[in-house]
file coords-v2.txt (compact mmCIF, C-alpha atoms)
# COMPACT_ATOMS: atom_id res chain seq x y z
CA MET H 1 19.03 -2.89 -0.92
CA ILE H 2 15.83 -1.31 -2.26
CA ALA H 3 17.71 1.68 -3.62
CA ALA H 4 20.06 -0.65 -5.48
CA GLN H 5 17.12 -2.52 -6.96
CA LEU H 6 15.62 0.71 -8.30
CA THR H 7 18.82 2.25 -9.66
CA ASP H 8 19.11 0.23 -12.85
CA LEU H 9 15.41 0.01 -13.70
CA ASP H 10 13.54 2.10 -16.23
CA LYS H 11 10.86 4.40 -14.85
CA PRO H 12 7.82 2.12 -15.42
CA ALA H 13 9.57 -0.83 -13.77
CA ALA H 14 10.80 1.30 -10.87
CA LYS H 15 7.33 2.73 -10.35
CA ALA H 16 5.76 -0.73 -10.36
CA LEU H 17 8.25 -1.93 -7.77
CA CYS H 18 7.63 1.12 -5.58
CA LEU H 19 3.88 0.52 -5.68
CA GLN H 20 4.36 -3.10 -4.67
CA PHE H 21 6.46 -2.12 -1.64
CA ILE H 22 4.06 0.69 -0.69
CA LEU H 23 0.99 -1.56 -0.84
CA HIS H 24 2.42 -4.18 1.50
CA GLU H 25 3.65 -1.65 4.07
CA TYR H 26 0.37 0.25 3.79
CA ALA H 27 -1.73 -2.85 4.46
CA ARG H 28 0.36 -3.54 7.58
CA ALA H 29 -0.08 0.04 8.75
CA LEU H 30 -3.87 -0.13 8.35
CA GLU H 31 -4.08 -3.36 10.32
CA ILE H 32 -2.03 -1.93 13.19
CA ALA H 33 -3.74 1.47 13.31
CA SER H 34 -7.23 -0.05 13.16
CA THR H 35 -6.72 -1.29 16.74
CA PHE H 36 -5.74 2.08 18.25
CA SER H 37 -9.14 3.54 19.03
CA GLY H 38 -10.01 2.55 22.58
CA CYS H 39 -6.96 0.34 23.12
CA LYS H 40 -4.85 0.37 26.30
CA SER H 41 -1.75 2.52 26.59
CA ARG H 42 0.64 -0.44 26.41
CA GLU H 43 -1.03 -1.74 23.24
CA LEU H 44 -0.95 1.75 21.74
CA MET H 45 2.76 2.14 22.38
CA HIS H 46 3.49 -1.29 20.92
CA GLY H 47 1.60 -0.35 17.75
CA LEU H 48 3.28 3.05 17.52
CA ASN H 49 6.68 1.39 17.85
CA GLN H 50 5.87 -0.59 14.74
CA LEU H 51 4.54 2.40 12.83
CA TYR H 52 6.85 5.16 13.98
CA PRO H 53 9.42 4.16 16.62
CA ASP H 54 10.95 6.85 18.77
CA LEU H 55 14.50 6.69 17.45
CA THR H 56 17.35 7.05 19.90
CA GLU H 57 21.05 7.38 19.22
CA GLY H 58 22.52 4.08 18.13
CA MET H 59 19.19 2.51 17.19
CA PRO H 60 19.60 0.14 14.21
CA VAL H 61 18.36 1.41 10.87
CA MET H 62 16.18 -1.70 10.53
CA LYS H 63 13.89 -0.26 13.23
CA LEU H 64 12.84 2.74 11.18
CA GLY H 65 9.19 1.69 11.24
CA ILE H 66 6.47 1.43 8.63
CA LEU H 67 5.75 5.14 8.17
CA ARG H 68 9.38 5.99 7.47
CA LYS H 69 9.58 3.10 5.01
CA LEU H 70 6.47 4.44 3.29
CA CYS H 71 8.13 7.86 3.05
CA PHE H 72 11.20 6.30 1.43
CA TYR H 73 9.15 4.35 -1.12
CA CYS H 74 6.93 7.34 -1.89
CA GLU H 75 9.98 9.54 -2.44
CA ALA H 76 11.27 6.90 -4.86
CA LEU H 77 7.84 6.82 -6.51
CA LEU H 78 7.91 10.59 -6.88
CA GLU H 79 11.16 10.32 -8.84
CA THR H 80 9.34 8.21 -11.45
CA SER H 81 6.21 10.34 -11.68
CA GLN H 82 4.96 13.89 -12.13
CA LYS H 83 2.67 13.49 -9.13
CA GLY H 84 3.13 12.32 -5.57
CA GLU H 85 3.71 15.35 -3.35
CA GLU H 86 0.32 14.85 -1.70
CA LEU H 87 1.34 11.33 -0.65
CA LEU H 88 4.33 12.76 1.19
CA ASN H 89 2.14 15.43 2.81
CA VAL H 90 -0.20 12.77 4.19
CA LEU H 91 2.78 10.80 5.51
CA ASP H 92 4.15 13.93 7.19
CA ASP H 93 0.77 14.40 8.90
CA LEU H 94 0.77 10.74 9.93
CA GLN H 95 4.18 11.00 11.55
CA LEU H 96 3.14 14.15 13.43
CA ALA H 97 -0.02 12.40 14.63
CA ALA H 98 1.99 9.35 15.75
CA ALA H 99 4.43 11.55 17.67
CA LYS H 100 1.52 13.36 19.34
CA GLU H 101 -0.11 10.12 20.45
CA ARG H 102 3.22 8.87 21.75
CA ARG H 103 3.54 11.95 23.97
CA SER H 104 -0.05 11.82 25.21
CA HIS H 105 -0.39 8.03 25.53
CA LEU H 106 -4.00 8.63 24.51
CA PRO H 107 -5.35 6.47 21.66
CA SER H 108 -7.61 7.89 18.97
CA GLY H 109 -8.78 7.07 15.49
CA CYS H 110 -6.76 9.93 13.98
CA ILE H 111 -3.93 7.82 12.54
CA PHE H 112 -6.30 5.28 11.02
CA GLU H 113 -8.37 8.06 9.41
CA LYS H 114 -5.27 9.65 7.91
CA LEU H 115 -4.14 6.27 6.58
CA CYS H 116 -7.50 5.79 4.88
CA ALA H 117 -7.04 9.19 3.19
CA PHE H 118 -3.76 7.90 1.73
CA PHE H 119 -5.32 5.28 -0.55
CA PRO H 120 -7.13 7.57 -3.04
CA LEU H 121 -3.87 9.40 -3.66
CA LEU H 122 -2.01 6.14 -4.18
CA ALA H 123 -4.76 4.81 -6.46
CA ASP H 124 -4.06 7.57 -8.99
CA HIS H 125 -0.67 6.03 -9.74
CA PHE H 126 -2.04 2.70 -10.92
CA ALA H 127 -3.25 4.10 -14.23
CA ASP H 128 0.39 4.21 -15.35
CA CYS H 129 0.98 0.56 -14.39
CA LYS H 130 -1.72 -1.30 -16.30
CA GLU H 131 0.96 -3.20 -18.19
CA SER H 132 2.84 -4.26 -15.06
CA GLU H 133 1.70 -7.42 -13.31
CA VAL H 134 3.69 -6.77 -10.12
CA PRO H 135 1.63 -4.00 -8.43
CA LEU H 136 -1.62 -5.34 -9.89
CA PHE H 137 -1.02 -8.75 -8.34
CA SER H 138 -0.09 -7.16 -5.00
CA LEU H 139 -3.34 -5.20 -5.09
CA LEU H 140 -5.27 -8.39 -5.87
CA GLU H 141 -3.40 -10.29 -3.16
CA LEU H 142 -4.24 -7.62 -0.56
CA ARG H 143 -7.79 -7.02 -1.83
CA ARG H 144 -9.68 -8.60 1.07
CA SER H 145 -7.46 -7.01 3.70
CA LEU H 146 -7.66 -3.54 2.16
CA ASN H 147 -11.42 -3.78 1.64
CA ARG H 148 -11.86 -4.76 5.29
CA PHE H 149 -10.37 -1.43 6.38
CA LEU H 150 -11.23 0.88 3.47
CA GLY H 151 -14.73 -0.39 2.71
CA SER H 152 -16.21 -3.24 0.73
CA GLY H 153 -15.53 -2.95 -2.99
CA THR H 154 -12.84 -0.28 -2.70
CA VAL H 155 -10.16 -2.30 -4.50
CA GLU H 156 -12.66 -3.53 -7.08
CA SER H 157 -13.56 0.08 -7.86
CA LEU H 158 -9.92 0.80 -8.58
CA PHE H 159 -9.59 -2.29 -10.78
CA GLN H 160 -12.73 -1.25 -12.62
CA ARG H 161 -11.11 2.08 -13.50
CA LEU H 162 -8.29 0.12 -15.15
CA PHE H 163 -10.01 -2.89 -16.75
CA ASP H 164 -13.44 -3.38 -18.28
CA THR H 165 -14.00 -6.80 -16.68
CA PRO H 166 -12.34 -9.12 -14.14
CA ASP H 167 -11.44 -11.38 -17.07
CA ASP H 168 -9.45 -8.52 -18.62
CA LEU H 169 -7.55 -8.09 -15.38
CA GLN H 170 -6.81 -11.80 -15.17
CA ALA H 171 -5.68 -11.86 -18.79
CA ALA H 172 -3.32 -8.92 -18.22
CA LEU H 173 -1.81 -10.62 -15.17
CA ALA H 174 -1.47 -13.96 -16.96
CA LEU H 175 0.24 -12.30 -19.92
CA GLY H 176 2.62 -10.35 -17.71
CA PHE H 177 3.70 -13.38 -15.72
CA ALA H 178 3.93 -15.53 -18.86
CA LYS H 179 6.43 -13.07 -20.32
CA ARG H 180 8.58 -13.71 -17.26
CA GLY H 181 8.32 -17.46 -17.73
CA PHE H 182 5.57 -18.11 -15.16
CA GLU H 183 2.79 -19.33 -17.43
CA GLY H 184 0.81 -21.09 -14.71
CA PHE H 185 1.16 -18.41 -12.04
CA CYS H 186 -2.44 -17.15 -12.16
CA ARG H 187 -3.82 -20.68 -12.15
CA GLN H 188 -1.82 -21.37 -9.01
CA HIS H 189 -3.45 -18.35 -7.37
CA ALA H 190 -6.97 -18.87 -8.70
CA ASP H 191 -8.42 -18.40 -5.22
CA LEU H 192 -7.52 -14.69 -5.36
CA PHE H 193 -9.98 -14.21 -8.23
CA GLU H 194 -12.89 -15.84 -6.38
CA GLY H 195 -15.72 -13.39 -5.82
CA LEU H 196 -14.03 -10.71 -7.90
CA ALA H 197 -16.75 -8.75 -9.68
CA TRP H 198 -17.41 -5.24 -10.90
CA GLU H 199 -20.39 -3.35 -9.53
CA PRO H 200 -22.05 -0.40 -11.28
CA LEU H 201 -19.24 2.13 -11.07
CA THR H 202 -19.58 4.44 -8.09
CA LYS H 203 -16.49 6.33 -7.10
CA LYS H 204 -15.36 5.37 -3.60
CA PHE H 205 -12.35 7.66 -3.52
call {"tool": "encode", "arguments": {"input": "coords-v2.txt", "output": "structure tokens"}}
result
Amino acid sequence: MIAAQLTDLDKPAAKALCLQFILHEYARALEIASTFSGCKSRELMHGLNQLYPDLTEGMPVMKLGILRKLCFYCEALLETSQKGEELLNVLDDLQLAAAKERRSHLPSGCIFEKLCAFFPLLADHFADCKESEVPLFSLLELRRSLNRFLGSGTVESLFQRLFDTPDDLQAALALGFAKRGFEGFCRQHADLFEGLAWEPLTKKF
């Protein structure tokens, strides 16, 4: 279904859609992997089954897991961009680490650390999507969750690289949704802008 959605889109639209899918799967992966360090073997295996299930013959495609979905979306992203190989390299390392932990049944913080290293590489792609409200809104929607795992102010630092002020971000989102016929969309989600502020710019990634 995703492939069909991307086929008829121009490159900017396809890239924006890829980033939206990647962000939501990535946030789920961070939340799951954040519990691995020190968890019991059963909890570890349950989390790994969500991230990177051990596929057996006849297993439904829908059980591919989050890391494989991220690989698919990043490959699609790479088709719309001149950069992206490093994202796939990190995902390859993540899948190897997940397979290793599955064999050992020993939890560690390795997967979570590798996931954190994924965000700076993904952040570089947002500069090409300043005019697209879809990935920007997803980033805003996931701001608190991502900051909880990546560090306070991480998402704001990325926004600050794209927009001079939070008002500029809000205006860009409002304009983008208005063009689609959703004039009141940002007002309906005003809570997402609460506490959004730029600090003196210090690069977090």
call {"tool": "closest_atom_pairs", "arguments": {"input": "coords-v2.txt", "of": "range 66-95 of chain H", "to": "range 110-117 of chain H", "cutoff": "8 Å", "atoms": "only C-alpha atoms", "output": "CSV"}}
result
residue,atom,partner,partner_atom,distance
H:Val90,CA,H:Lys114,CA,7.0
H:Asp93,CA,H:Lys114,CA,7.7
H:Leu94,CA,H:Ile111,CA,6.1
call {"tool": "axis_aligned_box", "arguments": {"input": "coords-v2.txt", "around": "range 170-186 of chain H", "padding_each_side": "6 Å", "output": "JSON"}}
result
{"center_x": 0.9, "center_y": -15.0, "center_z": -16.2, "size_x": 27.4, "size_y": 24.2, "size_z": 20.3}
call {"tool": "closest_residue", "arguments": {"input": "coords-v2.txt", "among": "H:Leu150, H:Leu48, H:Leu139, H:Leu17", "to": "Leu192 in chain H", "atoms": "all atoms listed in the file"}}
result
H:Leu139
call {"tool": "closest_residue", "arguments": {"input": "coords-v2.txt", "among": "H:Ala197, H:Ser132, H:Phe185, H:Leu30", "to": "Glu156 in chain H", "atoms": "all atoms listed in the file"}}
result
H:Ala197
call {"tool": "residues_around", "arguments": {"input": "coords-v2.txt", "residues": "Leu142 in chain H", "least_positions_apart": "2", "cutoff": "12 Å", "atoms": "all atoms listed in the file", "output": "PDB file with C-alpha atoms, keeping the file's coordinate frame"}}
result
ATOM      1  CA  GLN H  20       4.360  -3.100  -4.670  1.00  0.00           C
ATOM      2  CA  ILE H  22       4.060   0.690  -0.690  1.00  0.00           C
ATOM      3  CA  LEU H  23       0.990  -1.560  -0.840  1.00  0.00           C
ATOM      4  CA  HIS H  24       2.420  -4.180   1.500  1.00  0.00           C
ATOM      5  CA  GLU H  25       3.650  -1.650   4.070  1.00  0.00           C
ATOM      6  CA  TYR H  26       0.370   0.250   3.790  1.00  0.00           C
ATOM      7  CA  ALA H  27      -1.730  -2.850   4.460  1.00  0.00           C
ATOM      8  CA  ARG H  28       0.360  -3.540   7.580  1.00  0.00           C
ATOM      9  CA  LEU H  30      -3.870  -0.130   8.350  1.00  0.00           C
ATOM     10  CA  GLU H  31      -4.080  -3.360  10.320  1.00  0.00           C
ATOM     11  CA  PRO H 135       1.630  -4.000  -8.430  1.00  0.00           C
ATOM     12  CA  LEU H 136      -1.620  -5.340  -9.890  1.00  0.00           C
ATOM     13  CA  PHE H 137      -1.020  -8.750  -8.340  1.00  0.00           C
ATOM     14  CA  SER H 138      -0.090  -7.160  -5.000  1.00  0.00           C
ATOM     15  CA  LEU H 139      -3.340  -5.200  -5.090  1.00  0.00           C
ATOM     16  CA  LEU H 140      -5.270  -8.390  -5.870  1.00  0.00           C
ATOM     17  CA  ARG H 144      -9.680  -8.600   1.070  1.00  0.00           C
ATOM     18  CA  SER H 145      -7.460  -7.010   3.700  1.00  0.00           C
ATOM     19  CA  LEU H 146      -7.660  -3.540   2.160  1.00  0.00           C
ATOM     20  CA  ASN H 147     -11.420  -3.780   1.640  1.00  0.00           C
ATOM     21  CA  ARG H 148     -11.860  -4.760   5.290  1.00  0.00           C
ATOM     22  CA  PHE H 149     -10.370  -1.430   6.380  1.00  0.00           C
ATOM     23  CA  LEU H 150     -11.230   0.880   3.470  1.00  0.00           C
ATOM     24  CA  THR H 154     -12.840  -0.280  -2.700  1.00  0.00           C
ATOM     25  CA  VAL H 155     -10.160  -2.300  -4.500  1.00  0.00           C
ATOM     26  CA  GLU H 156     -12.660  -3.530  -7.080  1.00  0.00           C
ATOM     27  CA  LEU H 192      -7.520 -14.690  -5.360  1.00  0.00           C
ATOM     28  CA  PHE H 193      -9.980 -14.210  -8.230  1.00  0.00           C
TER      29      PHE H 193
END
call {"tool": "closest_residue", "arguments": {"input": "coords-v2.txt", "among": "H:Ile66, H:Leu19, H:Ala14, H:Ala174", "to": "Phe126 in chain H", "atoms": "all atoms listed in the file"}}
result
H:Leu19
call {"tool": "residues_around", "arguments": {"input": "coords-v2.txt", "residues": "Cys74 in chain H", "least_positions_apart": "6", "cutoff": "9 Å", "atoms": "only C-alpha atoms", "output": "PyMOL selection string"}}
result
chain H and resi 18-19+22+84-85+87-88
